[in-house]
Amino acid sequence: MDRLAPLGRKLYDTRVLDLWERDTATLPRALRRRRRAYREFSRQFLSPLALEVDADPESYDPWPLLTESAKRGFQSEQLPAPLGTMPVMSIPTGLMFHTALKAEEFSAGCAGLGLAVMAHDLGAAALMLSGDLTAIRRWLVPLCRANRSGNPRLAAFAITEPGAGSDVEDTEGAPTARFVTTARRCAGGYVLNGQKIFISGGRHAHLVAVFAALEPDDGRAAHVQDDWTCFVVERGAPGFRTGRSEHKLGQRASDATELFFDDVFVPEENRVGAERSGWALNRNVLNYSRVPVAAIALGIAQSALEAAIEFTRRVRLGGRAALSYQEVQLAVADMWLDVSAMRGMVWQAARHSPSSQGVSSAAKAFCGDRAFAVANRSMDLLADHGSLSANRAEKAMRDSRLNQIYEGTNQINRLAVIEAFDTTDLRSST
Ligand SMILES: Cc1cc2nc3c(=O)[nH]c(=O)nc-3n(C[C@H](O)[C@H](O)[C@H](O)COP(=O)(O)OP(=O)(O)OC[C@H]3O[C@@H](n4cnc5c(N)ncnc54)[C@H](O)[C@@H]3O)c2cc1C
C-alpha cells in the first residue's frame with residue numbers, strides 16, 4: 001500500500017471491514033441517523049428481552065416497549081413532521097426505506113418484539129396508501145399525534161379469514177375465495193359480520209383496517225376483487241371482539257389474534273376510500289409491506305450469523321477456536337454472503353417508490369428463504385448447543401420459518417413475480 005502513489009493510496013480502502021458502518025455511510029444523512037437510532041433502540045430494549053419473552057409470551061406486557069418506541073417517534077413515521085415524525089429530508093427516499101431499516105434492526109434484536117412494535121405500521125399503511133384524505137385526516141393524523149406524544153395508539157390490518165389466506169393475496173385465487181366477512185349497507189353506514197384470523201397486533205389495536213365484501217345491490221354473489229371495501233373498526237365498537245391469540249412456532253412475542261364481527265355498525269365515515277376499492281388497496285399494501293417483511297428476514301439472518309460467529313469464536317475444538325478451522329470459516333463466509341445479498345436486495349427494493357409488485361415479492365420470497373437457510377447453517381455450527389431451546393440460532397430458525405408464510409407464502413410471492421413481469425411467453429409456453 002505504501003508503495004502506491006498518493007492518489008492510489010486514496011483509492012485503496014484497507015480499513016478492517018465493518019459492513020454495517022459502511023452500508024450506513026451510503027445512506028442519505030437522515031436515514032443514517034435513523035438507522036443508528038433503530039439499532040440503539042433494538043440493542044437497548046429488544047435484544048435483552050428476546051429469549052425471555054420468546055419462552056413465555058403469554059405473560060409479556062408489550063405496553064412499556066410500545067411506549068418507548070412511540071416516544072422515540074418510531075410509531076408515527078407514516079406522516080412527515082409536524083404531523084408525524086418522518087424527517088422532511090427523508091421524503092424523497094420514502095417511507096418504505098425507513099420501515100425496511102427499522103424492520104432489519106428490530107428483527108436483528110428480536111423478530112417477535114419487532115413485529116409487536118411494527119404491526120401498527122401495516123395497519124397505518126392501509127390508511128395512508130388509500131390516498132383518501134378524509135380517512136388520513138380522521139384516523140392517521142390522530143394516531144400519529146398520540147404516538148408522537150408517547151401515548152401509543154395502534155392500528156392493525158385484517159384481510160385473512162378461516163377459508164381465505166392466499167386467496168385474498170393472489171389474483172388467481174381471488175375469484176373463488178371463500179370469505180365470510182361481509183358488509184351490508186344500512187342507514188348512516190354499514191353492518192359488518194364475519195371473522196378474521198392471524199391478525200398481528202389484533203389483541204392490542206385501537207383500530208383495525210378490516211376488509212369486507214360489500215353485498216351487491218343487484219343480487220349477484222359478492223366477490224373479493226369486485227366488492228372488497230376497507231373499513232375502520234374501533235376497539236369497543238358493539239359486536240366487535242377479539243378471540244384466541246395463536247400459540248406460534250416463532251416470532252412469539254407478537255400476537256396473531258382472531259377478530260369477530262357480529263352485526264357491527266360502522267358509520268359511513270369509517271369507510272376507507274371508495275366502496276369496492278378494497279382489492280386494489282389490499283394489493284398495494286402488500287406491495288409496500290413485503291419489503292419490510294423481507295427486511296425482517298434479513299434481521300433474523302443477521303442475528304443467526306452473529307450467533308454462529310460468537311459461538312465458534314468461543315468454543316474450542318482440538319485446542320483451537322472452532323472459527324480458526326477453514327470449514328467453519330467457509331460456512332460463516334457463505335452466511336455472510338447471503339446476508340449481504342439480502343441487504344442489497346432489500347435496499348434496492350426499498351428504493352422503488354411507489355412500491356412495485358414484482359420487486360417487492362421477489363425480495364420477500366428470496367430473503368425469507370435465505371434467512372431460513374442461514375439460520376439452519378447457524379444451527380449446524382452450534383451443533384448440540386443449537387438443539388437446546390433459548391439460543392439465538394434456534395430462535396432464528398423458528399422466526400425465519402414464519403417469514404416464509406405470512407404476507408403471502410413464498411410460493412404466492414413467486415407467482416406474484418410472474419404476474420408482475422411481462423411473462424406472456426412464459427405463461428403460454430406450457
Ligand atoms: C405470524 C403470522 C402473522 C400474520 N399476520 C397477519 C395480519 O396481520 N393480517 C392478516 O390479514 N393476515 C395475517 N397473517 C395471515 C397470513 O398472511 C396467511 O397465513 C398467509 O397468507 C397464508 O395463508 P394460509 O395460511 O391460509 O395458507 P393457504 O392459502 O391455505 O395456503 C396453503 C398452501 O397452498 C399454497 N397455495 C395456495 N394458493 C396457491 C396457488 N394459487 N398456487 C400455488 N400455491 C398455492 C400456499 O403457498 C401454501 O403452501 C399472518 C400469518 C402469520 C403466520
# chains A, B, ... in the order shown; residues from 1 in each chain; ligands from 1

call {"tool": "residues_around", "arguments": {"residues": "Phe311 (chain A)", "least_positions_apart": "6", "cutoff": "12 Å", "atoms": "only C-alpha atoms", "output": "mmCIF file with C-alpha atoms, in the first residue's frame"}}
result
data_model
loop_
_atom_site.group_PDB
_atom_site.id
_atom_site.type_symbol
_atom_site.label_atom_id
_atom_site.label_comp_id
_atom_site.auth_asym_id
_atom_site.auth_seq_id
_atom_site.Cartn_x
_atom_site.Cartn_y
_atom_site.Cartn_z
ATOM 1 C CA ALA A 304 -28.218 -16.108 13.213
ATOM 2 C CA LEU A 305 -24.903 -15.106 11.662
ATOM 3 C CA LEU A 317 -12.034 -27.811 19.187
ATOM 4 C CA ALA A 321 -11.206 -21.807 18.470
ATOM 5 C CA ALA A 322 -13.732 -23.501 16.162
ATOM 6 C CA LEU A 323 -13.662 -20.389 13.973
ATOM 7 C CA VAL A 328 -16.102 -23.280 9.771
ATOM 8 C CA VAL A 332 -19.546 -18.394 8.080
ATOM 9 C CA SER A 378 -26.067 -21.444 12.194
ATOM 10 C CA MET A 379 -27.751 -24.456 13.798
ATOM 11 C CA ASP A 380 -25.181 -26.741 12.106
ATOM 12 C CA LEU A 381 -22.338 -24.762 13.626
ATOM 13 C CA LEU A 382 -23.840 -24.643 17.099
ATOM 14 C CA ALA A 383 -24.474 -28.417 16.907
ATOM 15 C CA ASP A 384 -25.757 -29.732 20.238
ATOM 16 C CA HIS A 385 -25.924 -26.183 21.644
ATOM 17 C CA GLY A 386 -28.211 -25.272 18.754
ATOM 18 C CA ASN A 391 -30.439 -19.753 21.949
ATOM 19 C CA ARG A 392 -30.399 -17.261 19.094
ATOM 20 C CA ALA A 393 -29.754 -19.787 16.290
#

call {"tool": "residues_near_ligand", "arguments": {"ligand": "ligand 1", "cutoff": "7 Å", "atoms": "only C-alpha atoms and all ligand atoms", "output": "ChimeraX atom specification"}}
result
/A:119,156-160,163-167,169-170,172-173,197-201,251,256,402,405-412

call {"tool": "write_last_selection", "arguments": {"atoms": "N, CA and C atoms", "output": "compact mmCIF listing (two decimals), in the first residue's frame"}}
result
# COMPACT_ATOMS: atom_id res chain seq x y z
N ALA A 119 -46.36 -4.11 13.79
CA ALA A 119 -47.65 -4.49 13.20
C ALA A 119 -48.48 -3.23 12.95
N ALA A 156 -54.20 -2.16 13.21
CA ALA A 156 -53.88 -3.50 12.68
C ALA A 156 -54.54 -3.63 11.31
N PHE A 157 -54.11 -4.64 10.59
CA PHE A 157 -54.53 -4.84 9.20
C PHE A 157 -55.17 -6.22 9.09
N ALA A 158 -56.41 -6.30 8.65
CA ALA A 158 -57.11 -7.59 8.70
C ALA A 158 -57.69 -7.99 7.35
N ILE A 159 -57.02 -8.94 6.70
CA ILE A 159 -57.57 -9.50 5.46
C ILE A 159 -57.84 -11.01 5.60
N THR A 160 -56.99 -11.72 6.35
CA THR A 160 -57.06 -13.19 6.35
C THR A 160 -58.29 -13.70 7.10
N GLY A 163 -61.21 -19.31 5.74
CA GLY A 163 -61.16 -20.01 4.46
C GLY A 163 -60.46 -19.23 3.37
N ALA A 164 -59.78 -18.16 3.73
CA ALA A 164 -59.19 -17.30 2.69
C ALA A 164 -57.89 -16.68 3.19
N GLY A 165 -56.77 -17.34 2.85
CA GLY A 165 -55.44 -16.81 3.19
C GLY A 165 -54.79 -16.34 1.90
N SER A 166 -54.17 -17.29 1.19
CA SER A 166 -53.55 -16.95 -0.10
C SER A 166 -54.58 -16.36 -1.07
N ASP A 167 -55.81 -16.85 -0.98
CA ASP A 167 -56.82 -16.42 -1.95
C ASP A 167 -57.07 -14.91 -1.92
N GLU A 169 -54.65 -12.84 -1.38
CA GLU A 169 -53.35 -12.20 -1.65
C GLU A 169 -52.89 -12.49 -3.07
N ASP A 170 -53.75 -13.11 -3.85
CA ASP A 170 -53.32 -13.64 -5.12
C ASP A 170 -54.45 -13.51 -6.14
N GLU A 172 -55.08 -15.13 -8.87
CA GLU A 172 -55.66 -16.39 -9.33
C GLU A 172 -56.71 -16.92 -8.36
N GLY A 173 -56.39 -16.80 -7.05
CA GLY A 173 -57.27 -17.39 -6.05
C GLY A 173 -58.48 -16.54 -5.72
N ILE A 197 -58.66 -13.95 11.02
CA ILE A 197 -57.74 -14.75 11.87
C ILE A 197 -56.29 -14.30 11.63
N PHE A 198 -55.44 -14.67 12.60
CA PHE A 198 -53.99 -14.41 12.49
C PHE A 198 -53.67 -12.92 12.32
N ILE A 199 -54.38 -12.06 13.01
CA ILE A 199 -54.15 -10.63 12.82
C ILE A 199 -53.07 -10.14 13.78
N SER A 200 -51.92 -9.76 13.22
CA SER A 200 -50.80 -9.29 14.03
C SER A 200 -51.19 -8.02 14.77
N GLY A 201 -50.95 -8.02 16.05
CA GLY A 201 -51.28 -6.84 16.86
C GLY A 201 -52.77 -6.70 17.12
N GLN A 251 -41.51 -15.94 16.30
CA GLN A 251 -41.94 -14.54 16.47
C GLN A 251 -43.05 -14.49 17.53
N ALA A 256 -50.93 -13.05 17.20
CA ALA A 256 -51.68 -13.25 15.95
C ALA A 256 -53.07 -13.68 16.42
N LEU A 402 -41.56 -18.50 9.86
CA LEU A 402 -42.82 -17.76 9.74
C LEU A 402 -42.79 -16.75 8.60
N ILE A 405 -44.17 -17.74 5.42
CA ILE A 405 -45.62 -17.98 5.35
C ILE A 405 -46.41 -16.67 5.25
N TYR A 406 -46.11 -15.72 6.14
CA TYR A 406 -47.02 -14.56 6.16
C TYR A 406 -46.68 -13.52 5.09
N GLU A 407 -47.61 -12.60 4.93
CA GLU A 407 -47.56 -11.61 3.83
C GLU A 407 -47.52 -12.33 2.49
N GLY A 408 -48.30 -13.42 2.42
CA GLY A 408 -48.31 -14.29 1.25
C GLY A 408 -47.20 -15.30 1.39
N THR A 409 -47.52 -16.58 1.20
CA THR A 409 -46.47 -17.60 1.28
C THR A 409 -45.42 -17.27 0.20
N ASN A 410 -44.25 -17.86 0.34
CA ASN A 410 -43.22 -17.58 -0.67
C ASN A 410 -43.60 -18.13 -2.04
N GLN A 411 -44.46 -19.18 -2.03
CA GLN A 411 -44.96 -19.67 -3.33
C GLN A 411 -45.85 -18.60 -3.97
N ILE A 412 -46.74 -18.03 -3.19
CA ILE A 412 -47.64 -17.00 -3.72
C ILE A 412 -46.83 -15.78 -4.18

call {"tool": "select_by_dssp", "arguments": {"residues": "region 161-376 of chain A", "states": "strand (DSSP E or B)", "output": "VMD selection string"}}
result
chain A and resid 161 164 182 to 186 189 to 200 207 to 214 228 to 234 240 to 245 256 to 267 271 to 272 316 to 317 320 to 321

call {"tool": "select_by_dssp", "arguments": {"residues": "region 232-290 of chain A", "states": "helix (DSSP H, G or I)", "output": "list in words"}}
result
Glu268, Glu269, Asn270, Gly278, Trp279, Ala280, Leu281, Asn282, Arg283, Asn284, Val285, Leu286, Asn287, Tyr288, Ser289 and Arg290 of chain A

call {"tool": "residues_around", "arguments": {"residues": "Thr24 (chain A)", "least_positions_apart": "6", "cutoff": "9 Å", "atoms": "only C-alpha atoms", "output": "count of residues only"}}
result
5

call {"tool": "residues_around", "arguments": {"residues": "Gly131 (chain A)", "least_positions_apart": "3", "cutoff": "12 Å", "atoms": "only C-alpha atoms", "output": "PDB file with N, CA and C atoms, in the first residue's frame"}}
result
ATOM      1  N   ALA A 124     -51.497   1.101   9.687  1.00  0.00           N
ATOM      2  CA  ALA A 124     -51.432   2.509   9.290  1.00  0.00           C
ATOM      3  C   ALA A 124     -51.198   2.644   7.781  1.00  0.00           C
ATOM      4  N   ALA A 125     -50.498   1.667   7.191  1.00  0.00           N
ATOM      5  CA  ALA A 125     -50.226   1.722   5.747  1.00  0.00           C
ATOM      6  C   ALA A 125     -51.516   1.686   4.950  1.00  0.00           C
ATOM      7  N   ALA A 126     -52.500   0.912   5.451  1.00  0.00           N
ATOM      8  CA  ALA A 126     -53.780   0.835   4.718  1.00  0.00           C
ATOM      9  C   ALA A 126     -54.435   2.212   4.674  1.00  0.00           C
ATOM     10  N   LEU A 127     -54.322   2.965   5.765  1.00  0.00           N
ATOM     11  CA  LEU A 127     -54.927   4.305   5.791  1.00  0.00           C
ATOM     12  C   LEU A 127     -54.183   5.226   4.835  1.00  0.00           C
ATOM     13  N   MET A 128     -52.849   5.189   4.940  1.00  0.00           N
ATOM     14  CA  MET A 128     -52.054   6.121   4.143  1.00  0.00           C
ATOM     15  C   MET A 128     -52.149   5.815   2.647  1.00  0.00           C
ATOM     16  N   THR A 134     -59.709  12.243   3.584  1.00  0.00           N
ATOM     17  CA  THR A 134     -60.636  12.287   4.724  1.00  0.00           C
ATOM     18  C   THR A 134     -60.237  11.220   5.738  1.00  0.00           C
ATOM     19  N   ALA A 135     -59.946  10.011   5.262  1.00  0.00           N
ATOM     20  CA  ALA A 135     -59.555   8.929   6.183  1.00  0.00           C
ATOM     21  C   ALA A 135     -58.211   9.248   6.844  1.00  0.00           C
ATOM     22  N   ILE A 136     -57.305   9.834   6.080  1.00  0.00           N
ATOM     23  CA  ILE A 136     -55.992  10.174   6.642  1.00  0.00           C
ATOM     24  C   ILE A 136     -56.171  11.187   7.758  1.00  0.00           C
ATOM     25  N   ARG A 137     -56.991  12.208   7.487  1.00  0.00           N
ATOM     26  CA  ARG A 137     -57.212  13.252   8.495  1.00  0.00           C
ATOM     27  C   ARG A 137     -57.928  12.687   9.729  1.00  0.00           C
ATOM     28  N   LEU A 140     -55.433   8.658  10.593  1.00  0.00           N
ATOM     29  CA  LEU A 140     -53.969   8.568  10.668  1.00  0.00           C
ATOM     30  C   LEU A 140     -53.358   9.748  11.422  1.00  0.00           C
ATOM     31  N   VAL A 272     -62.804   3.449   4.341  1.00  0.00           N
ATOM     32  CA  VAL A 272     -61.510   3.958   3.863  1.00  0.00           C
ATOM     33  C   VAL A 272     -61.510   3.860   2.342  1.00  0.00           C
ATOM     34  N   GLY A 273     -61.480   4.999   1.690  1.00  0.00           N
ATOM     35  CA  GLY A 273     -61.547   5.000   0.227  1.00  0.00           C
ATOM     36  C   GLY A 273     -62.977   4.759  -0.242  1.00  0.00           C
ATOM     37  N   ALA A 274     -63.081   4.554  -1.544  1.00  0.00           N
ATOM     38  CA  ALA A 274     -64.417   4.375  -2.136  1.00  0.00           C
ATOM     39  C   ALA A 274     -64.940   2.968  -1.860  1.00  0.00           C
ATOM     40  N   SER A 277     -63.214  -0.416  -3.443  1.00  0.00           N
ATOM     41  CA  SER A 277     -61.808  -0.155  -3.821  1.00  0.00           C
ATOM     42  C   SER A 277     -60.846  -0.995  -2.984  1.00  0.00           C
ATOM     43  N   ALA A 280     -57.810  -3.312  -4.680  1.00  0.00           N
ATOM     44  CA  ALA A 280     -56.635  -2.549  -5.147  1.00  0.00           C
ATOM     45  C   ALA A 280     -55.824  -2.058  -3.944  1.00  0.00           C
ATOM     46  N   LEU A 281     -56.521  -1.597  -2.912  1.00  0.00           N
ATOM     47  CA  LEU A 281     -55.814  -1.111  -1.721  1.00  0.00           C
ATOM     48  C   LEU A 281     -55.040  -2.256  -1.061  1.00  0.00           C
ATOM     49  N   ASN A 284     -51.933  -3.064  -2.925  1.00  0.00           N
ATOM     50  CA  ASN A 284     -50.866  -2.070  -2.777  1.00  0.00           C
ATOM     51  C   ASN A 284     -50.238  -2.122  -1.380  1.00  0.00           C
ATOM     52  N   VAL A 285     -51.059  -2.386  -0.357  1.00  0.00           N
ATOM     53  CA  VAL A 285     -50.481  -2.520   0.997  1.00  0.00           C
ATOM     54  C   VAL A 285     -49.477  -3.679   0.989  1.00  0.00           C
TER      55      VAL A 285
END

call {"tool": "atom_distance", "arguments": {"atom1": "CA of Ala375 (chain A)", "atom2": "CA of Ser400 (chain A)"}}
result
7.6 Å

call {"tool": "closest_residue", "arguments": {"among": "A:Asp262, A:Glu269, A:Asp56, A:Glu40", "to": "Phe106 (chain A)", "atoms": "only C-alpha atoms"}}
result
A:Glu40

call {"tool": "residues_around", "arguments": {"residues": "Gly84 (chain A)", "least_positions_apart": "4", "cutoff": "9 Å", "atoms": "only C-alpha atoms", "output": "list in words"}}
result
Gly73, Gln75, Ser76, Glu77, Gln78, Leu79, Pro80, Val141, Cys144, Arg145, Asn147 and Arg148 of chain A

call {"tool": "write_last_selection", "arguments": {"atoms": "N, CA and C atoms", "output": "PDB file, in the first residue's frame"}}
result
ATOM      1  N   GLY A  73     -40.542   8.300  18.446  1.00  0.00           N
ATOM      2  CA  GLY A  73     -41.088   8.676  17.129  1.00  0.00           C
ATOM      3  C   GLY A  73     -41.153   7.532  16.147  1.00  0.00           C
ATOM      4  N   GLN A  75     -43.381   5.167  15.963  1.00  0.00           N
ATOM      5  CA  GLN A  75     -44.735   4.695  15.665  1.00  0.00           C
ATOM      6  C   GLN A  75     -45.506   5.709  14.826  1.00  0.00           C
ATOM      7  N   SER A  76     -44.851   6.798  14.474  1.00  0.00           N
ATOM      8  CA  SER A  76     -45.602   7.874  13.800  1.00  0.00           C
ATOM      9  C   SER A  76     -44.875   8.340  12.543  1.00  0.00           C
ATOM     10  N   GLU A  77     -44.140   7.398  11.930  1.00  0.00           N
ATOM     11  CA  GLU A  77     -43.329   7.780  10.768  1.00  0.00           C
ATOM     12  C   GLU A  77     -44.108   7.760   9.459  1.00  0.00           C
ATOM     13  N   GLN A  78     -45.407   7.455   9.550  1.00  0.00           N
ATOM     14  CA  GLN A  78     -46.188   7.402   8.300  1.00  0.00           C
ATOM     15  C   GLN A  78     -46.358   8.793   7.706  1.00  0.00           C
ATOM     16  N   LEU A  79     -46.331   9.812   8.555  1.00  0.00           N
ATOM     17  CA  LEU A  79     -46.532  11.178   8.061  1.00  0.00           C
ATOM     18  C   LEU A  79     -45.309  12.023   8.391  1.00  0.00           C
ATOM     19  N   PRO A  80     -45.000  12.980   7.515  1.00  0.00           N
ATOM     20  CA  PRO A  80     -43.851  13.841   7.793  1.00  0.00           C
ATOM     21  C   PRO A  80     -44.147  14.819   8.929  1.00  0.00           C
ATOM     22  N   VAL A 141     -53.870  10.940  11.189  1.00  0.00           N
ATOM     23  CA  VAL A 141     -53.302  12.112  11.871  1.00  0.00           C
ATOM     24  C   VAL A 141     -53.432  11.976  13.400  1.00  0.00           C
ATOM     25  N   CYS A 144     -50.936   9.379  14.675  1.00  0.00           N
ATOM     26  CA  CYS A 144     -49.567   9.918  14.690  1.00  0.00           C
ATOM     27  C   CYS A 144     -49.397  10.884  15.860  1.00  0.00           C
ATOM     28  N   ARG A 145     -50.420  11.720  16.073  1.00  0.00           N
ATOM     29  CA  ARG A 145     -50.312  12.714  17.152  1.00  0.00           C
ATOM     30  C   ARG A 145     -50.149  12.020  18.504  1.00  0.00           C
ATOM     31  N   ASN A 147     -49.154   8.919  19.134  1.00  0.00           N
ATOM     32  CA  ASN A 147     -47.884   8.173  19.210  1.00  0.00           C
ATOM     33  C   ASN A 147     -46.696   9.101  19.427  1.00  0.00           C
ATOM     34  N   ARG A 148     -46.726  10.217  18.731  1.00  0.00           N
ATOM     35  CA  ARG A 148     -45.621  11.199  18.897  1.00  0.00           C
ATOM     36  C   ARG A 148     -45.489  11.658  20.320  1.00  0.00           C
TER      37      ARG A 148
END

call {"tool": "residues_around", "arguments": {"residues": "Arg414 (chain A)", "least_positions_apart": "3", "cutoff": "7 Å", "atoms": "only C-alpha atoms", "output": "PyMOL selection string"}}
result
chain A and resi 361-362+365+410-411+417-418

call {"tool": "closest_atom_pairs", "arguments": {"of": "region 96-170 of chain A", "to": "region 342-356 of chain A", "cutoff": "9 Å", "atoms": "only C-alpha atoms", "output": "tab-separated table"}}
result
residue	atom	partner	partner_atom	distance
A:Met96	CA	A:Ala350	CA	5.6
A:Phe97	CA	A:Ala350	CA	4.9
A:His98	CA	A:Ala350	CA	8.6
A:Thr99	CA	A:Ala350	CA	8.9
A:Ala100	CA	A:Ala350	CA	6.9
A:Leu101	CA	A:Trp347	CA	8.4
A:Glu104	CA	A:Arg343	CA	9.0
